[in-house]
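See below for upload23.pdb, which holds PDB, C-alpha atoms and all ligand atoms.
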ATOM      1  CA  MET X  66      13.970  30.933  14.146
ATOM      2  CA  THR X  67      11.542  28.273  12.887
ATOM      3  CA  PRO X  68       9.409  26.920  15.730
ATOM      4  CA  PRO X  69       9.567  23.138  16.232
ATOM      5  CA  PRO X  70       7.001  21.015  14.404
ATOM      6  CA  ALA X  71       3.768  20.352  16.288
ATOM      7  CA  ALA X  72       3.641  17.305  18.571
ATOM      8  CA  ALA X  73       2.272  13.995  17.312
ATOM      9  CA  ASP X  74      -0.962  14.475  19.264
ATOM     10  CA  SER X  75      -1.525  18.052  18.051
ATOM     11  CA  PRO X  76      -4.971  18.732  16.532
ATOM     12  CA  THR X  77      -5.895  17.462  13.084
ATOM     13  CA  LEU X  78      -7.708  19.773  10.681
ATOM     14  CA  PHE X  79      -9.603  18.245   7.770
ATOM     15  CA  VAL X  80     -10.258  20.375   4.711
ATOM     16  CA  GLY X  81     -13.297  18.718   3.120
ATOM     17  CA  GLY X  82     -15.623  16.554   5.161
ATOM     18  CA  GLY X  83     -16.935  14.069   2.571
ATOM     19  CA  ASN X  84     -16.692  10.281   2.319
ATOM     20  CA  MET X  85     -12.953   9.927   2.662
ATOM     21  CA  ALA X  86     -12.681  12.425   5.525
ATOM     22  CA  ALA X  87     -15.517  10.654   7.366
ATOM     23  CA  ALA X  88     -13.728   7.298   6.979
ATOM     24  CA  LEU X  89     -10.506   8.786   8.389
ATOM     25  CA  ILE X  90     -12.248  10.644  11.215
ATOM     26  CA  GLY X  91     -14.110   7.450  12.170
ATOM     27  CA  GLY X  92     -10.785   5.599  12.330
ATOM     28  CA  LEU X  93      -9.211   8.326  14.469
ATOM     29  CA  ARG X  94     -12.140   8.326  16.897
ATOM     30  CA  ARG X  95     -12.174   4.513  17.171
ATOM     31  CA  ALA X  96      -8.419   4.620  17.871
ATOM     32  CA  GLY X  97      -9.159   6.875  20.857
ATOM     33  CA  CYS X  98      -8.385  10.326  19.423
ATOM     34  CA  PRO X  99     -10.507  12.846  21.401
ATOM     35  CA  ALA X 100     -13.125  14.685  19.326
ATOM     36  CA  ALA X 101     -11.736  17.980  20.629
ATOM     37  CA  ARG X 102      -8.514  17.333  18.687
ATOM     38  CA  ILE X 103     -10.335  17.121  15.342
ATOM     39  CA  ALA X 104     -11.765  20.013  13.314
ATOM     40  CA  VAL X 105     -13.295  19.914   9.835
ATOM     41  CA  ILE X 106     -13.815  22.672   7.288
ATOM     42  CA  GLU X 107     -16.828  21.667   5.194
ATOM     43  CA  PRO X 108     -19.135  24.031   3.262
ATOM     44  CA  GLN X 109     -22.219  21.730   3.169
ATOM     45  CA  PRO X 110     -24.438  22.318   6.248
ATOM     46  CA  GLU X 111     -25.944  18.781   6.147
ATOM     47  CA  GLN X 112     -22.510  17.230   5.982
ATOM     48  CA  ARG X 113     -21.324  19.408   8.897
ATOM     49  CA  GLU X 114     -24.317  18.301  10.957
ATOM     50  CA  ARG X 115     -23.653  14.656  10.115
ATOM     51  CA  LEU X 116     -19.981  14.857  11.139
ATOM     52  CA  ALA X 117     -20.764  16.717  14.356
ATOM     53  CA  ALA X 118     -23.536  14.254  15.286
ATOM     54  CA  GLU X 119     -21.604  11.102  14.356
ATOM     55  CA  PHE X 120     -18.165  11.971  15.688
ATOM     56  CA  GLY X 121     -18.633  14.989  17.955
ATOM     57  CA  VAL X 122     -15.902  16.880  16.080
ATOM     58  CA  LYS X 123     -15.698  20.649  15.620
ATOM     59  CA  VAL X 124     -17.120  21.661  12.235
ATOM     60  CA  LEU X 125     -16.439  24.946  10.451
ATOM     61  CA  ALA X 126     -18.056  26.415   7.347
ATOM     62  CA  ASP X 127     -14.859  27.946   5.955
ATOM     63  CA  ALA X 128     -11.266  28.840   6.769
ATOM     64  CA  SER X 129     -12.145  32.328   7.987
ATOM     65  CA  ALA X 130     -14.213  30.682  10.765
ATOM     66  CA  ALA X 131     -11.166  28.667  11.791
ATOM     67  CA  PRO X 132      -8.324  30.969  12.855
ATOM     68  CA  GLU X 133      -7.715  29.090  16.095
ATOM     69  CA  ALA X 134      -7.975  25.654  14.468
ATOM     70  CA  LEU X 135      -5.503  26.805  11.803
ATOM     71  CA  GLN X 136      -2.983  28.061  14.328
ATOM     72  CA  ARG X 137      -3.148  24.895  16.421
ATOM     73  CA  ALA X 138      -3.335  22.265  13.683
ATOM     74  CA  GLY X 139      -0.362  19.920  13.662
ATOM     75  CA  LEU X 140      -1.766  17.899  10.790
ATOM     76  CA  VAL X 141      -3.833  19.257   7.896
ATOM     77  CA  VAL X 142      -5.649  16.595   5.852
ATOM     78  CA  TRP X 143      -6.673  17.612   2.345
ATOM     79  CA  ALA X 144      -9.819  15.651   1.465
ATOM     80  CA  VAL X 145     -11.530  17.848  -1.123
ATOM     81  CA  LYS X 146     -11.947  17.018  -4.791
ATOM     82  CA  PRO X 147      -8.836  17.965  -6.786
ATOM     83  CA  GLN X 148     -10.794  20.528  -8.850
ATOM     84  CA  VAL X 149     -11.617  22.607  -5.765
ATOM     85  CA  PHE X 150      -8.215  22.267  -4.080
ATOM     86  CA  ARG X 151      -6.898  25.702  -5.075
ATOM     87  CA  ALA X 152     -10.107  27.470  -4.068
ATOM     88  CA  ALA X 153     -10.004  25.647  -0.718
ATOM     89  CA  ALA X 154      -6.287  26.311  -0.122
ATOM     90  CA  GLU X 155      -6.257  30.039  -0.792
ATOM     91  CA  PRO X 156      -8.311  31.205   2.231
ATOM     92  CA  LEU X 157      -6.602  28.625   4.414
ATOM     93  CA  ALA X 158      -3.117  29.840   3.486
ATOM     94  CA  THR X 159      -4.195  33.456   3.964
ATOM     95  CA  ALA X 160      -5.806  32.861   7.357
ATOM     96  CA  GLY X 161      -3.221  30.362   8.610
ATOM     97  CA  GLY X 162       0.023  31.921   7.360
ATOM     98  CA  PRO X 163       3.264  30.454   8.745
ATOM     99  CA  ALA X 164       1.396  28.113  11.128
ATOM    100  CA  VAL X 165      -0.126  26.332   8.130
ATOM    101  CA  GLN X 166       3.252  26.195   6.379
ATOM    102  CA  ARG X 167       4.839  24.547   9.426
ATOM    103  CA  ALA X 168       2.106  21.914   9.826
ATOM    104  CA  LEU X 169       2.321  18.389   8.486
ATOM    105  CA  HIS X 170       0.096  18.074   5.403
ATOM    106  CA  LEU X 171      -1.510  14.874   4.157
ATOM    107  CA  SER X 172      -3.344  14.897   0.853
ATOM    108  CA  VAL X 173      -5.673  12.092  -0.228
ATOM    109  CA  MET X 174      -6.607  14.040  -3.382
ATOM    110  CA  ALA X 175      -6.092  12.181  -6.625
ATOM    111  CA  GLY X 176      -3.616  13.826  -8.965
ATOM    112  CA  VAL X 177      -2.601  16.951  -7.017
ATOM    113  CA  ARG X 178       1.198  16.911  -6.804
ATOM    114  CA  LEU X 179       3.172  17.871  -3.709
ATOM    115  CA  ASP X 180       4.710  20.897  -5.436
ATOM    116  CA  ALA X 181       1.206  22.221  -6.178
ATOM    117  CA  ILE X 182       0.253  21.784  -2.522
ATOM    118  CA  ALA X 183       3.475  23.476  -1.384
ATOM    119  CA  ARG X 184       2.839  26.472  -3.663
ATOM    120  CA  ALA X 185      -0.789  26.739  -2.572
ATOM    121  CA  ILE X 186       0.213  27.050   1.085
ATOM    122  CA  GLY X 187       2.965  29.551   0.320
ATOM    123  CA  LEU X 188       6.016  27.269   0.270
ATOM    124  CA  GLY X 189       8.471  27.475  -2.616
ATOM    125  CA  ALA X 190       8.684  23.737  -3.242
ATOM    126  CA  ALA X 191       7.560  20.432  -1.719
ATOM    127  CA  ALA X 192      10.998  19.802  -0.168
ATOM    128  CA  ALA X 193      10.533  22.911   1.987
ATOM    129  CA  GLY X 194       7.504  21.423   3.741
ATOM    130  CA  ARG X 195       6.312  18.375   5.635
ATOM    131  CA  LEU X 196       4.045  16.964   2.972
ATOM    132  CA  VAL X 197       2.691  13.485   2.343
ATOM    133  CA  ARG X 198       0.549  12.374  -0.542
ATOM    134  CA  ALA X 199      -1.652   9.284  -0.361
ATOM    135  CA  MET X 200      -3.504   7.546  -3.161
ATOM    136  CA  PRO X 201      -6.219   5.484  -1.470
ATOM    137  CA  ASN X 202      -9.034   3.528  -3.132
ATOM    138  CA  THR X 203     -12.733   3.233  -2.362
ATOM    139  CA  PRO X 204     -12.555   0.002  -0.267
ATOM    140  CA  ALA X 205     -10.841   2.341   2.228
ATOM    141  CA  LEU X 206     -14.384   3.367   3.163
ATOM    142  CA  ILE X 207     -14.918  -0.115   4.699
ATOM    143  CA  GLY X 208     -11.350  -0.550   6.004
ATOM    144  CA  ARG X 209     -10.300  -2.833   3.103
ATOM    145  CA  GLY X 210      -8.406  -0.343   0.947
ATOM    146  CA  ILE X 211      -4.812  -0.133  -0.162
ATOM    147  CA  ALA X 212      -3.053   3.239  -0.369
ATOM    148  CA  GLY X 213       0.205   4.263  -2.017
ATOM    149  CA  LEU X 214       2.138   6.937  -0.101
ATOM    150  CA  HIS X 215       4.916   9.369  -0.929
ATOM    151  CA  ALA X 216       6.530  11.890   1.426
ATOM    152  CA  SER X 217       8.459  15.077   0.694
ATOM    153  CA  ALA X 218      12.096  15.280   1.769
ATOM    154  CA  GLY X 219      11.042  17.588   4.618
ATOM    155  CA  ALA X 220       8.793  14.960   6.240
ATOM    156  CA  SER X 221      10.399  13.168   9.203
ATOM    157  CA  THR X 222      10.066   9.556  10.312
ATOM    158  CA  ALA X 223       7.661  10.754  13.023
ATOM    159  CA  ASP X 224       5.599  12.513  10.316
ATOM    160  CA  ARG X 225       5.393   9.291   8.309
ATOM    161  CA  GLN X 226       4.355   7.387  11.420
ATOM    162  CA  ARG X 227       1.609   9.895  12.187
ATOM    163  CA  VAL X 228       0.263   9.544   8.650
ATOM    164  CA  GLU X 229       0.447   5.745   8.894
ATOM    165  CA  ALA X 230      -1.519   5.823  12.163
ATOM    166  CA  LEU X 231      -4.169   8.032  10.558
ATOM    167  CA  LEU X 232      -4.532   5.880   7.445
ATOM    168  CA  ALA X 233      -4.146   2.438   9.067
ATOM    169  CA  PRO X 234      -7.898   1.985   9.690
ATOM    170  CA  THR X 235      -8.529   2.347   5.933
ATOM    171  CA  GLY X 236      -6.481  -0.759   5.044
ATOM    172  CA  GLY X 237      -2.984  -1.490   3.748
ATOM    173  CA  LEU X 238      -0.266   1.096   3.080
ATOM    174  CA  LEU X 239       2.726   1.034   0.735
ATOM    175  CA  TRP X 240       5.382   3.779   0.552
ATOM    176  CA  PHE X 241       6.904   4.849  -2.767
ATOM    177  CA  GLU X 242      10.167   6.693  -3.197
ATOM    178  CA  HIS X 243       9.204   8.587  -6.351
ATOM    179  CA  GLU X 244       6.070  10.713  -6.525
ATOM    180  CA  SER X 245       5.585   9.740 -10.180
ATOM    181  CA  ASP X 246       5.000   6.142  -8.997
ATOM    182  CA  LEU X 247       1.688   7.340  -7.550
ATOM    183  CA  ASP X 248       0.392   7.658 -11.129
ATOM    184  CA  ALA X 249       0.948   3.900 -11.500
ATOM    185  CA  VAL X 250      -0.661   3.330  -8.086
ATOM    186  CA  THR X 251      -3.664   5.361  -9.278
ATOM    187  CA  ALA X 252      -3.866   3.196 -12.415
ATOM    188  CA  LEU X 253      -3.591  -0.100 -10.503
ATOM    189  CA  SER X 254      -5.327   0.158  -7.141
ATOM    190  CA  GLY X 255      -6.922   3.632  -7.306
ATOM    191  CA  SER X 256      -8.973   2.852 -10.420
ATOM    192  CA  GLY X 257      -8.683  -0.908  -9.837
ATOM    193  CA  PRO X 258     -11.958  -1.458  -7.968
ATOM    194  CA  ALA X 259     -13.792  -0.381 -11.137
ATOM    195  CA  TYR X 260     -11.899  -3.027 -13.156
ATOM    196  CA  VAL X 261     -13.060  -5.650 -10.662
ATOM    197  CA  PHE X 262     -16.658  -4.400 -10.837
ATOM    198  CA  PHE X 263     -16.437  -4.508 -14.641
ATOM    199  CA  PHE X 264     -15.262  -8.140 -14.529
ATOM    200  CA  VAL X 265     -18.003  -9.017 -12.034
ATOM    201  CA  GLU X 266     -20.619  -7.378 -14.280
ATOM    202  CA  ALA X 267     -19.429  -9.477 -17.216
ATOM    203  CA  MET X 268     -19.588 -12.647 -15.080
ATOM    204  CA  MET X 269     -23.110 -11.709 -13.979
ATOM    205  CA  ALA X 270     -24.157 -11.225 -17.620
ATOM    206  CA  ALA X 271     -22.678 -14.626 -18.471
ATOM    207  CA  ALA X 272     -24.527 -16.177 -15.519
ATOM    208  CA  GLU X 273     -27.832 -14.828 -16.840
ATOM    209  CA  ARG X 274     -27.111 -16.105 -20.337
ATOM    210  CA  MET X 275     -26.570 -19.545 -18.800
ATOM    211  CA  GLY X 276     -29.944 -19.409 -17.036
ATOM    212  CA  LEU X 277     -28.871 -18.310 -13.541
ATOM    213  CA  SER X 278     -30.316 -15.192 -11.933
ATOM    214  CA  ALA X 279     -28.281 -11.969 -11.760
ATOM    215  CA  GLU X 280     -28.276 -12.319  -7.956
ATOM    216  CA  GLN X 281     -26.907 -15.853  -8.160
ATOM    217  CA  GLY X 282     -24.268 -14.673 -10.633
ATOM    218  CA  LYS X 283     -23.316 -11.803  -8.358
ATOM    219  CA  ALA X 284     -23.018 -14.041  -5.287
ATOM    220  CA  LEU X 285     -20.866 -16.556  -7.152
ATOM    221  CA  ALA X 286     -18.658 -13.930  -8.817
ATOM    222  CA  LEU X 287     -18.059 -11.844  -5.679
ATOM    223  CA  ALA X 288     -17.303 -14.852  -3.490
ATOM    224  CA  THR X 289     -14.906 -16.096  -6.164
ATOM    225  CA  PHE X 290     -13.019 -12.772  -6.243
ATOM    226  CA  ASP X 291     -12.923 -12.629  -2.478
ATOM    227  CA  GLY X 292     -11.761 -16.227  -2.048
ATOM    228  CA  ALA X 293      -9.237 -16.156  -4.890
ATOM    229  CA  ALA X 294      -7.713 -12.900  -3.592
ATOM    230  CA  ALA X 295      -7.509 -14.339  -0.059
ATOM    231  CA  LEU X 296      -5.919 -17.540  -1.400
ATOM    232  CA  ALA X 297      -3.333 -15.548  -3.391
ATOM    233  CA  GLN X 298      -2.557 -13.465  -0.274
ATOM    234  CA  ALA X 299      -2.148 -16.559   1.903
ATOM    235  CA  SER X 300      -0.134 -18.610  -0.588
ATOM    236  CA  PRO X 301       3.634 -18.330  -1.052
ATOM    237  CA  ASP X 302       3.094 -19.152  -4.751
ATOM    238  CA  PRO X 303       2.692 -16.387  -7.355
ATOM    239  CA  PRO X 304      -0.721 -15.959  -9.047
ATOM    240  CA  ALA X 305       0.570 -17.588 -12.239
ATOM    241  CA  VAL X 306       1.333 -20.831 -10.351
ATOM    242  CA  LEU X 307      -2.052 -20.764  -8.623
ATOM    243  CA  ARG X 308      -3.686 -20.307 -12.026
ATOM    244  CA  GLU X 309      -1.766 -23.192 -13.589
ATOM    245  CA  ARG X 310      -2.777 -25.436 -10.685
ATOM    246  CA  VAL X 311      -6.476 -25.018 -11.491
ATOM    247  CA  THR X 312      -6.031 -25.250 -15.263
ATOM    248  CA  SER X 313      -5.826 -28.866 -16.408
ATOM    249  CA  ARG X 314      -5.214 -29.192 -20.117
ATOM    250  CA  GLY X 315      -8.501 -29.880 -21.881
ATOM    251  CA  GLY X 316     -10.570 -28.927 -18.822
ATOM    252  CA  THR X 317     -13.141 -26.145 -18.288
ATOM    253  CA  THR X 318     -10.762 -23.472 -16.915
ATOM    254  CA  PHE X 319      -8.391 -24.240 -19.783
ATOM    255  CA  ALA X 320     -11.211 -23.619 -22.269
ATOM    256  CA  ALA X 321     -12.037 -20.267 -20.671
ATOM    257  CA  LEU X 322      -8.428 -19.084 -20.484
ATOM    258  CA  GLU X 323      -7.744 -20.138 -24.078
ATOM    259  CA  SER X 324     -10.795 -18.108 -25.131
ATOM    260  CA  MET X 325      -9.486 -15.076 -23.209
ATOM    261  CA  ARG X 326      -6.040 -15.478 -24.779
ATOM    262  CA  ALA X 327      -7.555 -15.676 -28.259
ATOM    263  CA  ASP X 328      -9.470 -12.463 -27.506
ATOM    264  CA  GLY X 329      -6.324 -10.684 -26.279
ATOM    265  CA  VAL X 330      -7.779 -10.030 -22.817
ATOM    266  CA  GLY X 331      -4.371  -9.918 -21.046
ATOM    267  CA  PRO X 332      -2.784  -7.280 -23.339
ATOM    268  CA  ALA X 333      -6.096  -5.351 -23.346
ATOM    269  CA  ILE X 334      -5.963  -5.104 -19.541
ATOM    270  CA  GLU X 335      -2.345  -3.945 -19.686
ATOM    271  CA  ARG X 336      -3.292  -1.246 -22.215
ATOM    272  CA  ALA X 337      -6.226  -0.167 -20.033
ATOM    273  CA  VAL X 338      -4.014   0.229 -16.957
ATOM    274  CA  GLU X 339      -1.466   2.152 -19.010
ATOM    275  CA  ALA X 340      -4.272   4.466 -20.260
ATOM    276  CA  ALA X 341      -5.211   5.153 -16.634
ATOM    277  CA  ARG X 342      -1.579   5.894 -15.741
ATOM    278  CA  ARG X 343      -1.274   8.342 -18.653
ATOM    279  CA  ARG X 344      -4.496  10.058 -17.594
ATOM    280  CA  ALA X 345      -3.261  10.302 -13.986
ATOM    281  CA  ALA X 346      -0.099  12.034 -15.225
ATOM    282  CA  GLU X 347      -2.172  14.419 -17.385
ATOM    283  CA  LEU X 348      -4.435  15.279 -14.446
ATOM    284  CA  GLY X 349      -1.333  15.945 -12.344
ATOM    285  CA  ASP X 350      -0.195  18.430 -15.017
ATOM    286  CA  GLU X 351      -3.641  20.067 -15.057
ATOM    287  CA  TYR X 352      -3.940  20.412 -11.259
ATOM    288  CA  GLY X 353      -0.303  21.457 -10.947
TER
HETATM  289  N1  LIG K 401     -13.688   8.189  -1.796
HETATM  290  C1  LIG K 401     -12.613   7.471  -2.034
HETATM  291  O1  LIG K 401     -12.561   6.278  -1.798
HETATM  292  C2  LIG K 401     -11.361   8.105  -2.578
HETATM  293  C3  LIG K 401     -10.362   7.282  -3.087
HETATM  294  C4  LIG K 401      -9.182   7.874  -3.541
HETATM  295  C5  LIG K 401      -9.021   9.240  -3.485
HETATM  296  N2  LIG K 401     -10.029  10.006  -3.003
HETATM  297  C6  LIG K 401      -9.816  11.427  -2.981
HETATM  298  O2  LIG K 401     -10.248  11.968  -1.764
HETATM  299  C7  LIG K 401     -10.743  13.270  -1.997
HETATM  300  C8  LIG K 401     -12.102  13.372  -1.343
HETATM  301  O3  LIG K 401     -12.952  12.371  -1.893
HETATM  302  P1  LIG K 401     -14.375  12.080  -1.275
HETATM  303  O4  LIG K 401     -14.875  10.825  -1.910
HETATM  304  O5  LIG K 401     -14.305  12.177   0.201
HETATM  305  O6  LIG K 401     -15.164  13.331  -1.889
HETATM  306  P2  LIG K 401     -16.489  14.037  -1.335
HETATM  307  O7  LIG K 401     -17.331  13.035  -0.596
HETATM  308  O8  LIG K 401     -17.084  14.801  -2.473
HETATM  309  O9  LIG K 401     -15.918  15.047  -0.245
HETATM  310  C9  LIG K 401     -15.333  16.280  -0.517
HETATM  311  C10 LIG K 401     -16.004  17.307   0.399
HETATM  312  O10 LIG K 401     -15.265  18.543   0.357
HETATM  313  C11 LIG K 401     -16.218  19.590   0.324
HETATM  314  N3  LIG K 401     -15.642  20.859  -0.172
HETATM  315  C12 LIG K 401     -15.808  21.448  -1.388
HETATM  316  N4  LIG K 401     -15.154  22.620  -1.437
HETATM  317  C13 LIG K 401     -14.569  22.795  -0.247
HETATM  318  C14 LIG K 401     -13.767  23.845   0.336
HETATM  319  N5  LIG K 401     -13.426  24.923  -0.376
HETATM  320  N6  LIG K 401     -13.326  23.699   1.602
HETATM  321  C15 LIG K 401     -13.647  22.607   2.319
HETATM  322  N7  LIG K 401     -14.422  21.596   1.834
HETATM  323  C16 LIG K 401     -14.873  21.680   0.571
HETATM  324  C17 LIG K 401     -17.297  19.045  -0.569
HETATM  325  O11 LIG K 401     -18.486  19.813  -0.461
HETATM  326  P3  LIG K 401     -19.389  19.989  -1.817
HETATM  327  O12 LIG K 401     -20.067  18.678  -2.014
HETATM  328  O13 LIG K 401     -20.287  21.114  -1.458
HETATM  329  O14 LIG K 401     -18.461  20.324  -2.954
HETATM  330  C18 LIG K 401     -17.444  17.622  -0.044
HETATM  331  O15 LIG K 401     -18.311  17.530   1.052
HETATM  332  C19 LIG K 401     -10.790  13.486  -3.503
HETATM  333  O16 LIG K 401      -9.722  14.306  -3.893
HETATM  334  C20 LIG K 401     -10.614  12.115  -4.061
HETATM  335  O17 LIG K 401      -9.865  12.143  -5.245
HETATM  336  C21 LIG K 401     -11.192   9.472  -2.557
END

Can the structure from this file be put into structure tokens for me?
Ligand SMILES: NC(=O)c1ccc[n+]([C@@H]2O[C@H](COP(=O)([O-])OP(=O)(O)OC[C@H]3O[C@@H](n4cnc5c(N)ncnc54)[C@H](OP(=O)(O)O)[C@@H]3O)[C@@H](O)[C@H]2O)c1
Amino acid sequence: MTPPPAAADSPTLFVGGGNMAAALIGGLRRAGCPAARIAVIEPQPEQRERLAAEFGVKVLADASAAPEALQRAGLVVWAVKPQVFRAAAEPLATAGGPAVQRALHLSVMAGVRLDAIARAIGLGAAAAGRLVRAMPNTPALIGRGIAGLHASAGASTADRQRVEALLAPTGGLLWFEHESDLDAVTALSGSGPAYVFFFVEAMMAAAERMGLSAEQGKALALATFDGAAALAQASPDPPAVLRERVTSRGGTTFAALESMRADGVGPAIERAVEAARRRAAELGDEYG
């Protein structure tokens, strides 16, 4: 008989203790999760020391040092780089056996599909396990991220709620019914911060050409992104209406937008996002 799934407050085991894991552990601790309920497998000694000192959590050098943590873990969080996932999963699956297969698994790894995770922990297919995949973005590190989520058929409502509670301190969350949608999420919000930085860089270069300092350009560009995004969030009107409202025919904004249209900036951005989506799908094939 299959034992019942672990309780919602059962220990959480992180595999990989880098930036993303630290952001999630910090959120858990601030939400009142006792340090004794969190363990981290992390090969880098300095990183282990940092996590232990900052959060008081149990740190382990590898899966073989973690038999008890593996048996007790109700939630396993995969926070290693996708390239090392298989190498990290093998010893864990060997040492953890059925206990690891029964646990709820959350992956924040870009591109690794649920079926690949299921196979790596000894399950036939994703539907046989309680698996959730999240695609966060880097503003998650300061609590301002947005993550796309997809759960396997075997994940319960309580499982989804546990994942939501874990990820809530990183920012907004959106569930998607189809796992393939996470490739589009990767292309939009996962890679998106870099598009914004790229735009800001171009605005800073323009500022310098017009005689302002790079610092002044940066301050103006960043505040403009921040304010415009907040305005679009707060307004019931779609971005296109907000844009039209600040674009009087013959005015300065009109001149800039006409220049962008002539240069094909809109379609170029669409092609760029589509290139990212294609690459996300390719990486999924590679890691699968
Ligand atoms: N940072 C973000 O905002 C962000 C956004 C979206 C998605 N993600 C995803 O989140 C995952 C983690 O990203 P990150 O930024 O936190 O990366 P990171 O800072 O490099 O953290 C990964 C950690 O895992 C360790 N590690 C390597 N092999 C391991 C093993 N076999 N067992 C346990 N730990 C191992 C790494 O150690 P070494 O340095 O020694 O290899 C490193 O400390 C990635 O898959 C990434 O795609 C991150």

Selection dump of the PyMOL selection byres (((chain X and resi 252) around 8) and not hetatm), as a PyMOL selection string = chain X and resi 248-251+253-257+338-342+345

task = Within 8 Å of (-5.2, 3.6, 10.7) (coordinates as in the file), grab all the protein and nucleic acid residues, counting all atoms listed in the file, and write them out as a PyMOL selection string.
result = chain X and resi 89+92-93+96+229-236

Find the nearest atom pair between each residue of chain X and ligand LIG 401 (chain K) for residues within 9 Å, count all atoms listed in the file, give distances in Å to one decimal, sort rows by chain and ascending number, and present the table as a Markdown table.
| residue | atom | partner | partner_atom | distance |
| --- | --- | --- | --- | --- |
| X:Phe79 | CA | K:LIG401 | C15 | 8.1 |
| X:Val80 | CA | K:LIG401 | C15 | 4.7 |
| X:Gly81 | CA | K:LIG401 | N7 | 3.3 |
| X:Gly82 | CA | K:LIG401 | C10 | 4.8 |
| X:Gly83 | CA | K:LIG401 | O9 | 3.1 |
| X:Asn84 | CA | K:LIG401 | O5 | 3.7 |
| X:Met85 | CA | K:LIG401 | O5 | 3.6 |
| X:Ala86 | CA | K:LIG401 | O5 | 5.6 |
| X:Ala87 | CA | K:LIG401 | O5 | 7.4 |
| X:Ala88 | CA | K:LIG401 | O5 | 8.4 |
| X:Val105 | CA | K:LIG401 | C15 | 8.0 |
| X:Ile106 | CA | K:LIG401 | C15 | 5.0 |
| X:Glu107 | CA | K:LIG401 | N7 | 4.1 |
| X:Pro108 | CA | K:LIG401 | N7 | 5.5 |
| X:Gln109 | CA | K:LIG401 | O13 | 5.1 |
| X:Pro110 | CA | K:LIG401 | O13 | 8.8 |
| X:Gln112 | CA | K:LIG401 | O15 | 6.5 |
| X:Arg113 | CA | K:LIG401 | O15 | 8.6 |
| X:Leu125 | CA | K:LIG401 | C15 | 8.9 |
| X:Ala126 | CA | K:LIG401 | C15 | 7.7 |
| X:Asp127 | CA | K:LIG401 | N6 | 6.3 |
| X:Ala128 | CA | K:LIG401 | N6 | 7.6 |
| X:Trp143 | CA | K:LIG401 | C7 | 7.4 |
| X:Ala144 | CA | K:LIG401 | C8 | 4.3 |
| X:Val145 | CA | K:LIG401 | O10 | 4.1 |
| X:Lys146 | CA | K:LIG401 | O16 | 3.6 |
| X:Pro147 | CA | K:LIG401 | O16 | 4.7 |
| X:Gln148 | CA | K:LIG401 | O16 | 8.0 |
| X:Val149 | CA | K:LIG401 | N4 | 5.6 |
| X:Phe150 | CA | K:LIG401 | N5 | 6.9 |
| X:Arg151 | CA | K:LIG401 | N5 | 8.1 |
| X:Ala152 | CA | K:LIG401 | N5 | 5.6 |
| X:Ala153 | CA | K:LIG401 | N5 | 3.5 |
| X:Ala154 | CA | K:LIG401 | N5 | 7.3 |
| X:Glu155 | CA | K:LIG401 | N5 | 8.8 |
| X:Pro156 | CA | K:LIG401 | N5 | 8.5 |
| X:Leu157 | CA | K:LIG401 | N6 | 8.8 |
| X:Ser172 | CA | K:LIG401 | O2 | 7.9 |
| X:Val173 | CA | K:LIG401 | O2 | 4.8 |
| X:Met174 | CA | K:LIG401 | O16 | 3.2 |
| X:Ala175 | CA | K:LIG401 | O17 | 4.0 |
| X:Gly176 | CA | K:LIG401 | O17 | 7.5 |
| X:Val177 | CA | K:LIG401 | O16 | 8.2 |
| X:Ala199 | CA | K:LIG401 | C5 | 8.0 |
| X:Met200 | CA | K:LIG401 | C4 | 5.7 |
| X:Pro201 | CA | K:LIG401 | C4 | 4.3 |
| X:Asn202 | CA | K:LIG401 | C3 | 4.0 |
| X:Thr203 | CA | K:LIG401 | O1 | 3.1 |
| X:Pro204 | CA | K:LIG401 | O1 | 6.5 |
| X:Ala205 | CA | K:LIG401 | O1 | 5.9 |
| X:Leu206 | CA | K:LIG401 | O1 | 6.0 |
| X:Gly210 | CA | K:LIG401 | O1 | 8.3 |
| X:Ala212 | CA | K:LIG401 | C4 | 8.3 |
| X:Thr251 | CA | K:LIG401 | C4 | 8.3 |
| X:Gly255 | CA | K:LIG401 | C4 | 6.1 |
| X:Ser256 | CA | K:LIG401 | C4 | 8.5 |

message = For the PyMOL selection byres (((chain X and resi 118-121) around 10) and not hetatm), applied here, can you spell out every residue it catches as a list in words?
response = Ala87, Ile90, Gly91, Leu93, Arg94, Arg95, Pro99, Ala100, Ala101, Ile103, Ala104, Gln112, Arg113, Glu114, Arg115, Leu116, Ala117, Val122, Lys123 and Val124 of chain X

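Note that the spacing between CA of Ala293 (chain X) and CA of Leu239 (chain X) amounts to 21.7 Å.
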
message = So that I can check the surroundings of Leu196 (chain X), please list as a list of chain:residue names every protein, DNA and RNA residue that reaches within 9 Å of it, counting all atoms listed in the file and ignoring chain neighbours fewer than 3 positions away.
response =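 The filter keeps X:Ala168, X:Leu169, X:His170, X:Leu171, X:Ser172, X:Leu179, X:Ile182, X:Ala183, X:Ala191, X:Ala192, X:Ala193, X:His215, X:Ala216, X:Ser217, X:Ala218, X:Gly219, X:Ala220, X:Asp224.
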
query = What separation in Å, quoted to one decimal, exists between CA of Gly161 (chain X) and CA of Thr77 (chain X)?
reply =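 CA of Thr77 (chain X) lies 13.9 Å from CA of Gly161 (chain X).
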
request  = Measuring atom to atom with only C-alpha atoms, identify which of X:Ile186, X:Ala134, X:Val261, X:Val197 is nearest to Thr222 (chain X).
outcome  = X:Val197

request  = For the structure provided, state which residues fall under the PyMOL selection byres (((chain X and resi 283) around 9) and not hetatm), and present them as a VMD selection string.
outcome  = chain X and resid 265 to 266 268 to 269 272 278 to 282 284 to 288

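Taking CA of Ser300 (chain X) as the reference point, CA of Glu335 (chain X) is found at 24.2 Å.
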
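Residue nearest Val141 (chain X) within the list X:Gly187, X:Pro258, X:Gly276, X:Pro76: X:Pro76 [criterion: smallest interatomic distance, all atoms listed in the file].
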